[in-house]
Amino acid sequence: MSDALLEEFIRQNTEAQTQPEILFTWHGGEPLLLPIIYYARALELQQKYAHGRHIDNCLQTNGTLLNDEWCQFFREHNFLIGISIDGPEPMHNTFRQDFEHTLRGIRLLQKHGVEWNAMATVNSRNADNPIEFYHFFKDLGCKYLQFTPVVERTNPQQALESVAQDSKEWTKNASITTESVEPLQWGRFLTGLYDEWIKEDVGSIFVQLFDATLANWVGQPPGLCSMSALCGLSPALQPDGSLYSCDHFVFPSYKLGNIHHQTIAEMMYGQQQQRFMRTKVDSLSQRCRECAYLFACHGECPRNRFLSGNENYLCEGYRMFFRHVSPTMNFMAQELAAGRAPSNVMGMS
Ligand code: SF4
Ligand code: SF4
């Protein structure tokens, strides 16, 4: 991204925000391939346009390029670092092969006191071992855990492009990769991990999907677009200034425009993006519309709705999970309503 584009992006993104706190998320590719000076310049530009508002920065990396210099910079400027790591070495290296360097990066962040969270993908390999997966992160000192299910199709461009428009079209041809998690495997992973977390870690280890589920249980915004009623306000900016509806939909028909010609606010509040956001609710399957857990799931991410009738591929796993957590979610919701800590759930027998 050129300096001019960086400044235009930061100016527009900062000016478009109405709240007192603004978050910038840097991800790639691999954002550490850029020099530190690039981020130092970004911070300078953020201050130029902040007008007294508070700006936070989050950066997502595989951690392999971290060194003392990066960590000092991140500590000094309070970056939150998201590390892509899929569990202990045999799990991580099944599909990535850089465990040793990633772990070294985490140790450096810890040495310098940089806040970090783990961002795992759940695939056909690690999904069978939720307890081992969970304890690996717990033993590593991880306080914030995010994970995303791997669901990939063999003809992804055609499949993804058509998902919000005509799901029948691609189902004729697409199939699931061997890396992808299976629906019931996903359900067993979620319930196994939840049971381990709820024993003694509620309130001390934050698992994004569980927090989002509880938020939906009490009618609060879940903070996770896949669990929200509408698609999120998280567009993807490309190096040439093109803006797309979502980083899972960087295809020509989801291009909103270019920040050299229109403002981010114009594109985000324009008809095309509003339509994209509503597609999540408008394209719900009949099964979702009648589902007892719609309030918690919202049909999950539209990119996974590729079974006939527009049903979500992971649905059976989510149903298993929501059914399993209902009693404890109900309890935590009651505790919150009574002004008590949801962590009291750990005393439930
Ligand atoms: S398509 Fe999926 S990832 Fe993109 S905003 Fe919607 S829920 Fe989020
Ligand atoms: S659990 Fe299944 S049917 Fe229910 S809302 Fe989620 S995807 Fe739809």
# chains A, B, ... in the order shown; residues from 1 in each chain; ligands from 1
>>> residues_near_ligand(ligand="ligand 2", cutoff="8 Å", atoms="only C-alpha atoms and all ligand atoms", output="ChimeraX atom specification")
/A:284-285,287-300,311-319,322
>>> write_last_selection(atoms="C-alpha atoms", output="CSV table (one decimal), in the first residue's frame")
chain,number,residue,atom,x,y,z
A,284,LEU,CA,-31.9,-18.0,5.9
A,285,SER,CA,-33.1,-21.5,5.1
A,287,ARG,CA,-34.8,-24.8,8.8
A,288,CYS,CA,-33.0,-21.8,10.3
A,289,ARG,CA,-36.2,-19.8,10.3
A,290,GLU,CA,-37.9,-22.5,12.4
A,291,CYS,CA,-34.9,-23.3,14.6
A,292,ALA,CA,-35.1,-22.9,18.3
A,293,TYR,CA,-31.5,-21.6,18.3
A,294,LEU,CA,-31.9,-19.0,15.6
A,295,PHE,CA,-31.4,-16.2,18.3
A,296,ALA,CA,-28.0,-17.6,19.1
A,297,CYS,CA,-26.8,-18.8,15.7
A,298,HIS,CA,-28.5,-16.6,13.1
A,299,GLY,CA,-27.7,-19.2,10.5
A,300,GLU,CA,-23.9,-18.6,11.0
A,311,GLU,CA,-28.9,-24.9,4.7
A,312,ASN,CA,-25.6,-24.3,6.6
A,313,TYR,CA,-23.1,-27.2,6.2
A,314,LEU,CA,-22.2,-27.0,9.9
A,315,CYS,CA,-25.8,-26.9,11.1
A,316,GLU,CA,-25.8,-30.3,12.8
A,317,GLY,CA,-22.7,-29.3,14.8
A,318,TYR,CA,-24.1,-26.0,15.9
A,319,ARG,CA,-27.4,-27.7,16.9
A,322,PHE,CA,-26.5,-25.1,21.4
>>> residues_near_ligand(ligand="ligand 1", cutoff="9 Å", atoms="only C-alpha atoms and all ligand atoms", output="number ranges by chain")
A: 164, 224-235, 245-249, 276-277, 279-280, 300-304
>>> write_last_selection(atoms="C-alpha atoms", output="mmCIF file, in the first residue's frame")
data_model
loop_
_atom_site.group_PDB
_atom_site.id
_atom_site.type_symbol
_atom_site.label_atom_id
_atom_site.label_comp_id
_atom_site.auth_asym_id
_atom_site.auth_seq_id
_atom_site.Cartn_x
_atom_site.Cartn_y
_atom_site.Cartn_z
ATOM 1 C CA ALA A 164 -25.267 -15.339 -1.609
ATOM 2 C CA LEU A 224 -18.669 -11.856 16.062
ATOM 3 C CA CYS A 225 -20.176 -11.365 12.618
ATOM 4 C CA SER A 226 -20.900 -15.068 12.067
ATOM 5 C CA MET A 227 -23.125 -15.096 15.178
ATOM 6 C CA SER A 228 -24.805 -11.743 14.425
ATOM 7 C CA ALA A 229 -28.141 -11.217 12.765
ATOM 8 C CA LEU A 230 -26.551 -9.192 9.971
ATOM 9 C CA CYS A 231 -23.179 -9.426 8.299
ATOM 10 C CA GLY A 232 -20.570 -7.189 9.882
ATOM 11 C CA LEU A 233 -19.096 -3.860 9.035
ATOM 12 C CA SER A 234 -15.699 -5.376 8.274
ATOM 13 C CA PRO A 235 -14.852 -4.698 4.655
ATOM 14 C CA SER A 245 -17.909 -6.352 1.306
ATOM 15 C CA CYS A 246 -16.031 -8.868 3.473
ATOM 16 C CA ASP A 247 -12.617 -10.532 3.366
ATOM 17 C CA HIS A 248 -14.315 -13.849 2.530
ATOM 18 C CA PHE A 249 -15.900 -12.253 -0.512
ATOM 19 C CA PHE A 276 -24.893 -7.651 1.408
ATOM 20 C CA MET A 277 -25.422 -7.240 5.155
ATOM 21 C CA THR A 279 -28.440 -11.176 2.706
ATOM 22 C CA LYS A 280 -27.509 -12.984 5.890
ATOM 23 C CA GLU A 300 -23.897 -18.623 11.044
ATOM 24 C CA CYS A 301 -21.788 -17.372 8.116
ATOM 25 C CA PRO A 302 -23.483 -17.285 4.686
ATOM 26 C CA ARG A 303 -20.369 -18.762 3.074
ATOM 27 C CA ASN A 304 -21.201 -22.066 4.785
#
>>> residues_around(residues="Gly52 in chain A", least_positions_apart="2", cutoff="12 Å", atoms="only C-alpha atoms", output="list in words")
Thr14, Glu15, Gln19, Pro20, Glu21, Ile22, Gln46, Gln47, Lys48, Tyr49, Ala50, His54 and Ile55 of chain A
>>> atom_distance(atom1="CA of Ile259 in chain A", atom2="CA of Ile36 in chain A")
24.4 Å
>>> residues_around(residues="Pro130 in chain A", least_positions_apart="3", cutoff="7 Å", atoms="only C-alpha atoms", output="list in words")
Ala127, Phe133, Tyr134, Phe189, Gly192 and Leu193 of chain A
>>> closest_residue(among="A:Ile81, A:Leu190, A:Leu6, A:Met1", to="Asp240 in chain A", atoms="only C-alpha atoms")
A:Met1
>>> closest_residue(among="A:Glu8, A:Leu66, A:Asp86, A:Ser2", to="Leu33 in chain A", atoms="only C-alpha atoms")
A:Leu66
